[in-house]
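Asks: See protein-v3.txt below, with compact mmCIF, C-alpha atoms and all ligand atoms.
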# COMPACT_ATOMS: atom_id res chain seq x y z
CA MET H 15 8.09 -28.23 31.92
CA SER H 16 5.97 -27.73 35.04
CA ASN H 17 6.67 -24.02 35.49
CA GLN H 18 3.34 -22.22 34.88
CA GLN H 19 3.21 -18.48 34.24
CA ASP H 20 0.14 -16.31 33.79
CA TYR H 21 -0.39 -13.61 31.18
CA ASP H 22 -3.38 -11.66 29.92
CA CYS H 23 -2.39 -12.59 26.39
CA ILE H 24 0.18 -14.77 24.64
CA VAL H 25 1.12 -13.91 21.05
CA VAL H 26 2.78 -16.63 18.98
CA GLY H 27 5.12 -15.38 16.24
CA ALA H 28 7.37 -12.30 16.37
CA GLY H 29 7.06 -11.24 12.74
CA ILE H 30 5.65 -7.78 12.04
CA GLN H 31 2.03 -8.75 12.83
CA GLY H 32 2.70 -10.51 16.15
CA SER H 33 5.16 -7.80 17.20
CA PHE H 34 2.61 -5.03 16.54
CA THR H 35 -0.09 -7.04 18.36
CA ALA H 36 2.14 -7.34 21.43
CA TYR H 37 2.99 -3.61 21.13
CA HIS H 38 -0.71 -2.62 21.26
CA LEU H 39 -1.42 -5.05 24.11
CA ALA H 40 1.45 -3.58 26.12
CA LYS H 41 0.12 -0.04 25.43
CA ASN H 42 -3.17 -1.29 26.94
CA ASN H 43 -1.25 -2.36 30.06
CA LYS H 44 -1.90 -6.05 29.42
CA ARG H 45 0.59 -8.62 30.65
CA THR H 46 1.77 -9.94 27.30
CA LEU H 47 4.18 -12.68 26.25
CA LEU H 48 5.49 -12.79 22.68
CA LEU H 49 6.83 -16.23 21.75
CA GLU H 50 9.13 -16.82 18.78
CA GLN H 51 10.50 -20.18 17.62
CA PHE H 52 13.77 -18.79 16.19
CA LEU H 53 16.40 -16.56 17.75
CA LEU H 54 15.76 -12.93 16.70
CA SER H 55 16.41 -11.58 14.21
CA HIS H 56 15.99 -14.36 11.64
CA SER H 57 15.28 -14.70 7.92
CA ARG H 58 13.08 -17.82 7.82
CA GLY H 59 9.61 -16.20 7.67
CA SER H 60 8.06 -13.20 5.87
CA SER H 61 9.16 -10.07 7.75
CA HIS H 62 12.95 -9.97 7.21
CA GLY H 63 14.84 -7.79 4.74
CA LYS H 64 15.49 -4.09 4.56
CA THR H 65 12.59 -2.72 2.50
CA ARG H 66 8.86 -2.98 1.72
CA ILE H 67 6.54 -0.80 -0.37
CA ILE H 68 3.97 1.25 1.52
CA ARG H 69 1.05 2.79 -0.40
CA LYS H 70 -2.55 3.87 -0.14
CA ALA H 71 -3.67 3.14 -3.72
CA TYR H 72 -5.56 -0.16 -3.63
CA GLN H 73 -8.39 -1.68 -5.62
CA HIS H 74 -10.44 -2.19 -2.42
CA ASP H 75 -11.45 0.74 -0.26
CA PHE H 76 -11.21 -1.30 2.97
CA TYR H 77 -7.43 -1.44 2.49
CA THR H 78 -7.15 2.25 1.61
CA HIS H 79 -9.24 3.08 4.68
CA MET H 80 -6.92 1.05 6.96
CA MET H 81 -3.85 2.69 5.41
CA GLU H 82 -5.01 6.14 6.57
CA GLU H 83 -4.42 5.14 10.18
CA CYS H 84 -1.36 3.00 9.32
CA TYR H 85 0.51 6.08 8.13
CA LEU H 86 -0.28 7.86 11.42
CA LEU H 87 0.81 4.88 13.50
CA TRP H 88 4.02 4.40 11.49
CA ALA H 89 4.81 8.08 12.10
CA LYS H 90 4.09 7.57 15.83
CA LEU H 91 6.48 4.60 15.92
CA GLU H 92 9.10 6.68 14.10
CA ALA H 93 8.79 9.35 16.79
CA GLU H 94 8.91 6.81 19.64
CA ALA H 95 11.93 5.04 18.15
CA ASN H 96 13.54 8.32 17.07
CA ALA H 97 14.31 6.64 13.73
CA THR H 98 13.48 7.12 10.07
CA LEU H 99 11.31 4.21 8.95
CA LEU H 100 9.83 5.64 5.73
CA SER H 101 11.32 7.25 2.64
CA GLY H 102 10.74 8.10 -1.02
CA ILE H 103 7.94 8.25 -3.59
CA TRP H 104 6.17 5.62 -5.58
CA GLU H 105 4.55 5.21 -8.94
CA LYS H 106 2.54 2.48 -10.54
CA ARG H 107 0.87 1.72 -13.80
CA GLY H 108 -2.82 2.55 -13.72
CA ARG H 109 -5.64 0.07 -13.61
CA LYS H 110 -9.20 1.35 -13.78
CA SER H 111 -10.39 -0.19 -10.51
CA ILE H 112 -7.39 1.19 -8.57
CA LEU H 113 -7.87 4.59 -10.15
CA ALA H 114 -11.61 4.55 -9.37
CA ASN H 115 -11.05 3.57 -5.74
CA SER H 116 -8.24 6.11 -5.36
CA LYS H 117 -10.56 8.88 -6.57
CA ARG H 118 -13.40 7.67 -4.34
CA SER H 119 -11.12 7.40 -1.31
CA GLN H 120 -9.31 10.67 -2.11
CA VAL H 121 -5.85 9.10 -2.35
CA PRO H 122 -3.60 11.81 -3.84
CA THR H 123 -2.81 10.40 -7.30
CA GLU H 124 -1.68 11.65 -10.67
CA THR H 125 -1.98 9.87 -14.02
CA LEU H 126 0.84 9.98 -16.57
CA GLY H 127 0.42 9.34 -20.28
CA PRO H 128 3.26 7.69 -22.24
CA GLU H 129 4.95 10.98 -23.18
CA GLU H 130 4.94 12.51 -19.72
CA PHE H 131 6.07 9.18 -18.34
CA SER H 132 9.12 8.92 -20.58
CA GLN H 133 10.06 12.52 -19.80
CA ARG H 134 9.88 11.85 -16.07
CA LEU H 135 11.38 8.34 -16.10
CA PRO H 136 13.53 7.89 -19.20
CA GLN H 137 15.20 4.88 -17.48
CA VAL H 138 12.00 2.81 -18.08
CA SER H 139 10.79 1.66 -21.52
CA LEU H 140 7.01 1.34 -21.58
CA LEU H 141 5.21 -0.60 -24.29
CA ALA H 142 2.84 1.27 -26.65
CA GLY H 143 -0.29 2.52 -24.87
CA GLU H 144 1.06 2.05 -21.34
CA GLY H 145 1.01 4.80 -18.73
CA ALA H 146 1.26 5.23 -14.97
CA LEU H 147 -0.76 6.11 -11.93
CA ILE H 148 1.30 7.89 -9.28
CA ASP H 149 0.36 7.49 -5.63
CA THR H 150 2.15 10.39 -4.02
CA THR H 151 1.69 8.88 -0.54
CA ALA H 152 3.72 5.79 -1.40
CA TRP H 153 7.18 5.26 0.04
CA VAL H 154 9.82 2.76 0.96
CA LEU H 155 9.31 1.31 4.43
CA TYR H 156 12.51 0.21 6.18
CA ALA H 157 11.28 -3.21 7.26
CA ASN H 158 14.09 -4.49 9.48
CA TRP H 159 14.35 -1.18 11.35
CA ALA H 160 10.57 -1.12 11.77
CA LEU H 161 10.50 -4.65 13.15
CA ARG H 162 13.26 -3.83 15.61
CA ALA H 163 11.54 -0.58 16.64
CA VAL H 164 8.22 -2.23 17.45
CA GLN H 165 9.61 -5.19 19.40
CA GLY H 166 9.65 -4.61 23.14
CA GLY H 167 8.08 -6.00 26.29
CA VAL H 168 8.42 -9.66 27.23
CA ILE H 169 9.76 -11.62 24.24
CA LYS H 170 10.93 -15.18 24.48
CA ASP H 171 12.75 -16.17 21.30
CA GLY H 172 14.29 -19.50 20.40
CA ASP H 173 11.29 -21.19 22.03
CA GLN H 174 8.96 -23.09 19.71
CA VAL H 175 5.30 -23.59 20.60
CA THR H 176 4.61 -27.33 20.44
CA ASP H 177 1.04 -27.54 21.77
CA ILE H 178 -2.02 -25.40 22.53
CA GLN H 179 -4.83 -26.45 24.85
CA PRO H 180 -7.91 -24.25 24.25
CA GLY H 181 -10.22 -23.36 27.17
CA SER H 182 -11.32 -20.35 29.22
CA THR H 183 -7.61 -20.22 30.09
CA VAL H 184 -5.43 -21.16 27.11
CA THR H 185 -2.42 -23.35 27.87
CA VAL H 186 0.56 -22.99 25.56
CA THR H 187 3.40 -25.50 25.70
CA THR H 188 6.82 -24.67 24.29
CA ALA H 189 10.03 -26.66 24.08
CA THR H 190 10.99 -25.34 27.55
CA GLU H 191 7.89 -24.08 29.41
CA VAL H 192 4.12 -24.24 29.90
CA TYR H 193 2.36 -20.85 29.87
CA ARG H 194 -1.24 -19.91 30.57
CA ALA H 195 -3.17 -16.85 29.43
CA GLU H 196 -6.70 -15.50 29.13
CA SER H 197 -6.33 -15.19 25.37
CA LEU H 198 -3.98 -16.30 22.60
CA VAL H 199 -3.15 -14.62 19.29
CA ILE H 200 -1.67 -16.80 16.52
CA THR H 201 0.43 -14.75 14.08
CA ALA H 202 2.69 -17.58 12.94
CA GLY H 203 3.11 -16.56 9.28
CA PRO H 204 3.83 -19.57 7.05
CA TRP H 205 3.42 -21.88 10.09
CA ALA H 206 -0.15 -20.70 10.82
CA ASN H 207 -1.80 -24.02 9.89
CA THR H 208 0.73 -25.98 11.98
CA LEU H 209 -0.25 -23.89 15.02
CA MET H 210 -3.97 -23.93 14.26
CA ALA H 211 -3.89 -27.73 13.94
CA TYR H 212 -3.40 -27.90 17.75
CA THR H 213 -6.79 -26.17 18.06
CA GLY H 214 -8.63 -28.26 15.43
CA LEU H 215 -8.73 -25.49 12.80
CA GLN H 216 -7.28 -25.43 9.26
CA ILE H 217 -7.75 -22.73 6.62
CA PRO H 218 -6.77 -22.79 2.94
CA LEU H 219 -3.36 -21.12 2.98
CA GLN H 220 -0.77 -21.73 0.30
CA VAL H 221 2.85 -21.23 1.37
CA VAL H 222 5.00 -19.94 -1.49
CA LYS H 223 8.71 -19.25 -1.75
CA ILE H 224 9.63 -15.95 -3.37
CA ASN H 225 12.99 -15.50 -5.05
CA VAL H 226 13.91 -11.97 -3.97
CA CYS H 227 16.08 -10.71 -6.84
CA TYR H 228 18.51 -7.78 -6.98
CA TRP H 229 19.61 -6.47 -10.39
CA LYS H 230 22.85 -4.63 -11.17
CA GLU H 231 22.76 -1.16 -12.71
CA LYS H 232 24.76 -0.88 -15.96
CA VAL H 233 25.49 2.76 -14.99
CA PRO H 234 25.73 3.22 -11.20
CA GLY H 235 23.15 5.64 -9.76
CA THR H 236 20.53 5.29 -12.54
CA TYR H 237 17.91 3.65 -10.34
CA GLY H 238 19.06 4.79 -6.92
CA ILE H 239 16.98 6.23 -4.11
CA SER H 240 19.11 9.41 -4.35
CA SER H 241 18.04 9.85 -8.00
CA ARG H 242 14.43 9.62 -6.67
CA PHE H 243 13.70 6.54 -8.72
CA PRO H 244 10.30 5.39 -7.42
CA CYS H 245 8.93 2.12 -6.14
CA PHE H 246 6.60 0.62 -8.75
CA VAL H 247 4.02 -2.09 -9.23
CA GLN H 248 3.57 -3.20 -12.84
CA LEU H 249 0.22 -4.81 -13.53
CA GLY H 250 -0.96 -6.85 -16.46
CA VAL H 251 2.28 -7.56 -18.28
CA GLU H 252 1.44 -9.89 -21.15
CA GLY H 253 2.19 -13.56 -20.47
CA SER H 254 2.17 -13.19 -16.67
CA GLN H 255 -0.76 -13.74 -14.33
CA TYR H 256 0.56 -11.64 -11.46
CA HIS H 257 2.32 -8.32 -11.06
CA PHE H 258 5.98 -7.32 -10.93
CA TYR H 259 7.19 -4.81 -8.39
CA GLY H 260 10.41 -3.00 -7.65
CA LEU H 261 12.11 -0.63 -5.25
CA PRO H 262 14.98 1.75 -5.92
CA SER H 263 18.51 0.53 -5.34
CA ASN H 264 18.88 0.60 -1.58
CA GLU H 265 19.95 -2.51 0.33
CA TYR H 266 22.95 -3.31 -1.89
CA PRO H 267 24.72 -0.33 -3.53
CA GLY H 268 24.12 -0.43 -7.29
CA LEU H 269 21.51 -3.22 -7.13
CA MET H 270 17.78 -2.68 -7.57
CA LYS H 271 15.25 -5.06 -5.97
CA ILE H 272 12.66 -6.33 -8.48
CA CYS H 273 10.43 -9.34 -7.75
CA TYR H 274 7.49 -11.26 -9.16
CA TYR H 275 4.44 -11.42 -6.90
CA MET H 276 3.97 -15.21 -7.05
CA GLY H 277 6.48 -17.96 -6.30
CA SER H 278 6.39 -21.74 -6.00
CA GLU H 279 4.55 -23.73 -3.36
CA THR H 280 6.59 -25.17 -0.50
CA GLU H 281 6.43 -26.34 3.10
CA PRO H 282 7.70 -23.66 5.50
CA ASN H 283 10.50 -25.89 6.84
CA GLU H 284 11.51 -27.03 3.33
CA ARG H 285 11.99 -23.59 1.78
CA ASP H 286 15.55 -24.20 0.62
CA GLN H 287 14.65 -27.48 -1.08
CA GLN H 288 12.25 -25.59 -3.39
CA THR H 289 14.57 -24.66 -6.27
CA ASP H 290 12.03 -23.65 -8.95
CA ARG H 291 13.17 -20.47 -10.75
CA THR H 292 10.16 -19.81 -13.02
CA ASP H 293 9.72 -16.40 -11.36
CA VAL H 294 13.39 -15.51 -12.00
CA HIS H 295 12.92 -16.39 -15.69
CA LEU H 296 9.82 -14.15 -15.94
CA LEU H 297 11.72 -11.39 -14.16
CA SER H 298 14.65 -11.57 -16.58
CA GLN H 299 12.22 -11.05 -19.48
CA PHE H 300 10.52 -8.19 -17.63
CA VAL H 301 13.81 -6.45 -16.82
CA SER H 302 15.11 -6.77 -20.42
CA HIS H 303 11.89 -5.21 -21.78
CA TYR H 304 11.14 -2.47 -19.27
CA ILE H 305 14.31 -1.59 -17.40
CA PRO H 306 17.11 -1.83 -19.96
CA GLY H 307 19.61 -0.03 -17.73
CA LEU H 308 19.87 -3.16 -15.56
CA GLU H 309 21.78 -6.36 -16.28
CA PRO H 310 19.11 -8.95 -17.25
CA GLU H 311 20.34 -11.64 -14.81
CA PRO H 312 20.00 -11.11 -11.05
CA ALA H 313 23.22 -10.42 -9.16
CA VAL H 314 21.78 -11.57 -5.80
CA VAL H 315 18.86 -13.93 -5.12
CA GLU H 316 17.48 -14.25 -1.57
CA SER H 317 14.49 -16.19 -0.20
CA CYS H 318 11.30 -15.13 1.53
CA LEU H 319 8.01 -16.95 2.22
CA TYR H 320 4.42 -15.73 1.73
CA MET H 321 1.25 -17.31 2.86
CA VAL H 322 -1.47 -16.73 0.28
CA THR H 323 -5.25 -17.08 0.75
CA PRO H 324 -7.51 -18.01 -2.20
CA ASP H 325 -8.79 -14.41 -2.53
CA HIS H 326 -5.48 -12.77 -1.46
CA HIS H 327 -7.19 -11.02 1.47
CA PHE H 328 -6.03 -11.35 5.08
CA VAL H 329 -7.48 -13.48 7.88
CA LEU H 330 -8.26 -11.33 10.95
CA ASP H 331 -10.79 -13.22 13.04
CA CYS H 332 -11.61 -15.17 16.18
CA HIS H 333 -11.20 -18.94 16.04
CA THR H 334 -14.46 -20.55 14.86
CA HIS H 335 -14.89 -22.52 18.15
CA HIS H 336 -12.77 -20.66 20.72
CA ASN H 337 -13.49 -16.93 21.04
CA ASN H 338 -10.34 -16.24 23.07
CA ILE H 339 -8.05 -17.59 20.32
CA ILE H 340 -7.45 -14.97 17.63
CA ILE H 341 -5.98 -15.61 14.18
CA GLY H 342 -3.93 -13.15 12.09
CA ALA H 343 -2.82 -14.97 8.94
CA GLY H 344 -2.78 -15.09 5.13
CA PHE H 345 -1.21 -11.68 4.55
CA SER H 346 -0.69 -12.76 0.94
CA GLY H 347 2.48 -10.83 0.24
CA HIS H 348 1.11 -7.35 0.99
CA GLY H 349 0.68 -7.24 4.77
CA PHE H 350 3.76 -5.44 6.11
CA LYS H 351 2.50 -1.89 5.60
CA PHE H 352 -0.71 -2.82 7.51
CA GLY H 353 1.20 -4.01 10.60
CA PRO H 354 0.16 -1.11 12.88
CA VAL H 355 -3.58 -1.56 12.21
CA VAL H 356 -3.44 -5.37 12.00
CA GLY H 357 -1.83 -5.36 15.46
CA LYS H 358 -4.47 -2.94 16.73
CA VAL H 359 -7.47 -5.04 15.61
CA LEU H 360 -5.91 -8.33 16.77
CA CYS H 361 -5.34 -6.67 20.16
CA GLU H 362 -8.98 -5.49 20.22
CA LEU H 363 -10.29 -8.97 19.34
CA SER H 364 -8.13 -10.57 22.03
CA LEU H 365 -9.55 -8.15 24.62
CA GLY H 366 -13.12 -8.94 23.51
CA GLN H 367 -13.57 -5.35 22.26
CA MET H 368 -15.45 -4.21 19.17
CA PRO H 369 -12.78 -3.93 16.42
CA SER H 370 -12.13 -0.44 15.01
CA TYR H 371 -12.66 -1.70 11.45
CA ASP H 372 -15.27 -3.75 9.62
CA LEU H 373 -13.52 -7.13 9.50
CA SER H 374 -16.07 -8.87 7.27
CA PRO H 375 -13.62 -9.16 4.28
CA PHE H 376 -11.22 -11.00 6.60
CA LYS H 377 -13.50 -13.65 8.13
CA ILE H 378 -12.53 -17.33 8.21
CA GLN H 379 -16.08 -18.19 7.17
CA ARG H 380 -15.55 -16.83 3.64
CA PHE H 381 -13.51 -19.88 2.65
CA GLN H 382 -16.73 -21.87 2.49
CA SER H 383 -17.36 -20.12 -0.88
CA ASN H 384 -14.22 -20.22 -3.01
CA SER H 385 -14.26 -16.73 -4.53
CA LYS H 386 -11.17 -15.33 -6.32
CA SER H 387 -10.12 -11.72 -6.16
CA SER H 388 -7.09 -9.54 -6.69
CA LEU H 389 -5.39 -6.91 -4.53
C1 LIG X 1 9.70 -10.90 -0.83
C2 LIG X 1 8.58 -10.24 -0.08
C3 LIG X 1 8.21 -8.94 -0.42
C4 LIG X 1 7.15 -8.32 0.25
N1 LIG X 1 6.83 -7.03 -0.10
C5 LIG X 1 5.88 -6.38 0.61
C6 LIG X 1 5.63 -4.99 0.35
O1 LIG X 1 6.27 -4.39 -0.51
N2 LIG X 1 4.69 -4.37 1.09
C7 LIG X 1 3.97 -5.01 2.07
O2 LIG X 1 3.13 -4.38 2.70
N3 LIG X 1 4.20 -6.33 2.33
C8 LIG X 1 5.13 -7.01 1.64
N4 LIG X 1 5.39 -8.34 1.90
C9 LIG X 1 4.54 -9.06 2.85
C10 LIG X 1 4.91 -8.87 4.28
O3 LIG X 1 6.30 -8.92 4.44
C11 LIG X 1 4.19 -9.98 5.08
O4 LIG X 1 2.78 -9.86 4.85
C12 LIG X 1 4.45 -9.86 6.56
O5 LIG X 1 5.84 -9.81 6.82
C13 LIG X 1 3.81 -11.04 7.29
O6 LIG X 1 4.21 -11.00 8.65
P1 LIG X 1 3.77 -12.12 9.69
O7 LIG X 1 4.10 -11.56 11.02
O8 LIG X 1 2.37 -12.55 9.41
O9 LIG X 1 4.66 -13.41 9.35
P2 LIG X 1 6.19 -13.77 9.71
O10 LIG X 1 7.07 -12.60 9.51
O11 LIG X 1 6.52 -15.01 8.96
O12 LIG X 1 6.16 -14.07 11.26
C14 LIG X 1 5.66 -15.26 11.79
C15 LIG X 1 6.56 -15.68 12.93
O13 LIG X 1 5.97 -16.77 13.64
C16 LIG X 1 7.01 -17.59 14.11
N5 LIG X 1 6.50 -18.92 14.44
C17 LIG X 1 5.93 -19.80 13.59
N6 LIG X 1 5.62 -20.94 14.24
C18 LIG X 1 5.98 -20.78 15.54
C19 LIG X 1 5.94 -21.62 16.69
N7 LIG X 1 5.46 -22.88 16.64
N8 LIG X 1 6.38 -21.13 17.86
C20 LIG X 1 6.88 -19.84 17.95
N9 LIG X 1 6.97 -19.02 16.86
C21 LIG X 1 6.53 -19.48 15.68
C22 LIG X 1 7.95 -17.61 12.89
O14 LIG X 1 9.24 -18.09 13.22
C23 LIG X 1 7.92 -16.18 12.44
O15 LIG X 1 8.95 -15.40 13.02
C24 LIG X 1 6.45 -9.00 1.27
C25 LIG X 1 6.82 -10.30 1.63
C26 LIG X 1 7.89 -10.92 0.98
C27 LIG X 1 8.26 -12.30 1.39
Will you turn the file into structure tokens for me?
Replies:
Amino acid sequence: MSNQQDYDCIVVGAGIQGSFTAYHLAKNNKRTLLLEQFLLSHSRGSSHGKTRIIRKAYQHDFYTHMMEECYLLWAKLEAEANATLLSGIWEKRGRKSILANSKRSQVPTETLGPEEFSQRLPQVSLLAGEGALIDTTAWVLYANWALRAVQGGVIKDGDQVTDIQPGSTVTVTTATEVYRAESLVITAGPWANTLMAYTGLQIPLQVVKINVCYWKEKVPGTYGISSRFPCFVQLGVEGSQYHFYGLPSNEYPGLMKICYYMGSETEPNERDQQTDRTDVHLLSQFVSHYIPGLEPEPAVVESCLYMVTPDHHFVLDCHTHHNNIIIGAGFSGHGFKFGPVVGKVLCELSLGQMPSYDLSPFKIQRFQSNSKSSL
């Protein structure tokens, strides 16, 4: 416990956000240590699994703006790793605010009325009056490959952080060592408040368990990536507060991944004791209505955790009392695609540099007024 090591920066949490932060710090020639409580790779947090949706179409232009650079940085990582991390196309049902922002931000989109939609995607049954907005920049992001590609440098896994002493040098205690660094970045996913408690900070983050459901095709190949079936986000389905989303059959042959955005509240270490299946029930109804070529009961159900803020926007900020402790948290179920730019701004904050983006939507201070928003 007495062995002290010095780093420019310590990053806690080797999910996608911490891994990209360490990647950018290393590119800046900073001595960086990435600490992870579990042995890599693991499936206890938010970043595991094979696929995520990547898109530019968003209701808020600050996300669309960040995605411009994200695509470039994902492509750079692909080239560095000599691997394919992105694939496919994506479509979603239109909502006026997303359409308006997409036009304003020049996201390449196309709108489809009901007739054109059913010609293009006869495998989906829309309800009367429904249509789609296509974001032609949207793809499938191969999450587990991406995570592996970005992880490098000094990583210590299987070593849980058990204490943080703030100061001009931050002291971080783990189960096996004591480390010191000029700055600390906390990207601990669902455990963010546990880590921040050591520094006297708490923010309103709700940890939810998502049942990740895979649905069997009645006719193999109908919804496969080879048949160019798109990713989708379905907004405003009657009787549900949040959206449904899906990706073409990919991780398990003949099974399509379709999930509900919101799950049930849990503690991060008690995920498997949360057995509520309200989301699975809503999904069964959704699948029967809209995607009749799938069996209406999931063939595989896996678990994943999100950490949701009251307004569903991220936290990217310095600690309210300690400028050299940086927080990246509350990615609210839509943060993976932003990893390259999240890592970049967390790196900039930890180096005391002016961040490349206006981070005012992501300040900790906003929780003093409890505003609600959507993605
Ligand atoms: C089912 C599901 C579907 C999703 N779909 C999409 C999508 O389509 N598109 C998209 O962009 N995003 C999506 N997301 C969201 C995205 O995956 C998350 O926003 C992102 O993975 C968050 O990464 P993170 O690094 O913040 O957290 P995590 O991946 O949870 O990483 C945090 C890490 O910190 C470690 N840690 C915690 N405490 C300690 C400690 N004391 N000491 C050391 N290490 C510690 C944890 O073990 C963990 O590895 C989805 C998420 C889920 C669950």
Asks: Which residues sit within 7 Å of ligand LIG 1 (chain X), counting all atoms listed in the file, listed as a VMD selection string?
Replies: chain H and resid 26 to 32 49 to 52 58 to 62 66 to 68 173 to 176 201 to 206 209 224 226 318 to 320 342 to 343 345 to 352
Asks: Please, what distance in Å, to one decimal, runs between CA of Gly172 in chain H and CA of Leu54 in chain H?
Replies: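 According to the coordinates, CA of Gly172 in chain H and CA of Leu54 in chain H are separated by 7.7 Å.
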Asks: Calculate how many Å separate CA of Ser370 in chain H from CA of Ile341 in chain H, rounding to one decimal.
Replies: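 Separation of CA of Ser370 in chain H and CA of Ile341 in chain H: 16.4 Å.
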Asks: May I ask for the distance between CA of Ser374 in chain H and CA of Ile112 in chain H, given in Å to one decimal place?
Replies: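 Between CA of Ser374 in chain H and CA of Ile112 in chain H the gap is 20.7 Å.
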Asks: Using all atoms listed in the file, which of H:Lys90, H:His74, H:Lys44, H:His79 sits nearest Asn115 in chain H?
Replies: H:His74
Asks: Find the spatial neighbours of range 130-134 of chain H, counting all atoms listed in the file, within a cut-off of 10 Å - ignore same-chain residues fewer than 6 positions away - and output them as JSON, numbers by chain.
Replies: {"H": [140, 144, 145, 146, 147, 243]}
Asks: Leaving out range 251-259 of chain H and any residue of its chain fewer than 2 positions from it, which residues lie within 12 Å of it when counting only C-alpha atoms, given as number ranges by chain?
Replies: H: 66-67, 104-107, 109, 140-141, 144, 226-228, 244-249, 261-262, 270-277, 292-301, 303-305, 326, 347-348, 387-389
Asks: Counting only C-alpha atoms, which residue out of H:Phe34, H:Trp153, H:Phe328, H:Tyr21 sits closest to Ala195 in chain H?
Replies: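 Checking each candidate against Ala195 in chain H, we get H:Tyr21 as the closest.
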Asks: Tell me, as a PyMOL selection string, which residues lie within 10 Å of Tyr85 in chain H, counting only C-alpha atoms; anything in the same chain fewer than 4 positions away does not count.
Replies: chain H and resi 68-70+80-81+89-91+100+151+351-352+354-355
Asks: Next, dump the selected residues to file, keeping only C-alpha atoms, as a PDB file, in the coordinates of the input.
Replies:
ATOM      1  CA  ILE H  68       3.970   1.250   1.520  1.00  0.00           C
ATOM      2  CA  ARG H  69       1.050   2.790  -0.400  1.00  0.00           C
ATOM      3  CA  LYS H  70      -2.550   3.870  -0.140  1.00  0.00           C
ATOM      4  CA  MET H  80      -6.920   1.050   6.960  1.00  0.00           C
ATOM      5  CA  MET H  81      -3.850   2.690   5.410  1.00  0.00           C
ATOM      6  CA  ALA H  89       4.810   8.080  12.100  1.00  0.00           C
ATOM      7  CA  LYS H  90       4.090   7.570  15.830  1.00  0.00           C
ATOM      8  CA  LEU H  91       6.480   4.600  15.920  1.00  0.00           C
ATOM      9  CA  LEU H 100       9.830   5.640   5.730  1.00  0.00           C
ATOM     10  CA  THR H 151       1.690   8.880  -0.540  1.00  0.00           C
ATOM     11  CA  LYS H 351       2.500  -1.890   5.600  1.00  0.00           C
ATOM     12  CA  PHE H 352      -0.710  -2.820   7.510  1.00  0.00           C
ATOM     13  CA  PRO H 354       0.160  -1.110  12.880  1.00  0.00           C
ATOM     14  CA  VAL H 355      -3.580  -1.560  12.210  1.00  0.00           C
TER      15      VAL H 355
END
Asks: Hey, which of H:Asn264, H:Asn43, H:Gln73, H:Thr35 ends up closest to His327 in chain H? Count all atoms listed in the file.
Replies: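 Nearest to His327 in chain H: H:Gln73.
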Asks: Could you list, as number ranges by chain, every residue within 12 Å of Ser197 in chain H, counting all atoms listed in the file and ignoring same-chain residues fewer than 4 positions away?
Replies: H: 20-26, 39, 44-47, 178-186, 193, 332-333, 336-341, 360-366
Asks: Please, which residues are within 10 Å of (-3.4, -22.0, -0.1) by the file's coordinates, counting only C-alpha atoms, and could they come as number ranges by chain?
Replies: H: 217-222, 279, 321-326, 344, 346
Asks: Pick from H:Thr208, H:Ala71, H:Lys232, H:Leu269: nearest to Ala313 in chain H, with all atoms listed in the file counted?
Replies: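 The answer is H:Leu269, which sits nearest to Ala313 in chain H.
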Asks: Of the candidates H:Val192, H:Leu373, H:Leu161, H:Val359, which shows the shortest atom-to-atom distance to Glu83 in chain H, using only C-alpha atoms?
Replies: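 Closest candidate: H:Val359.
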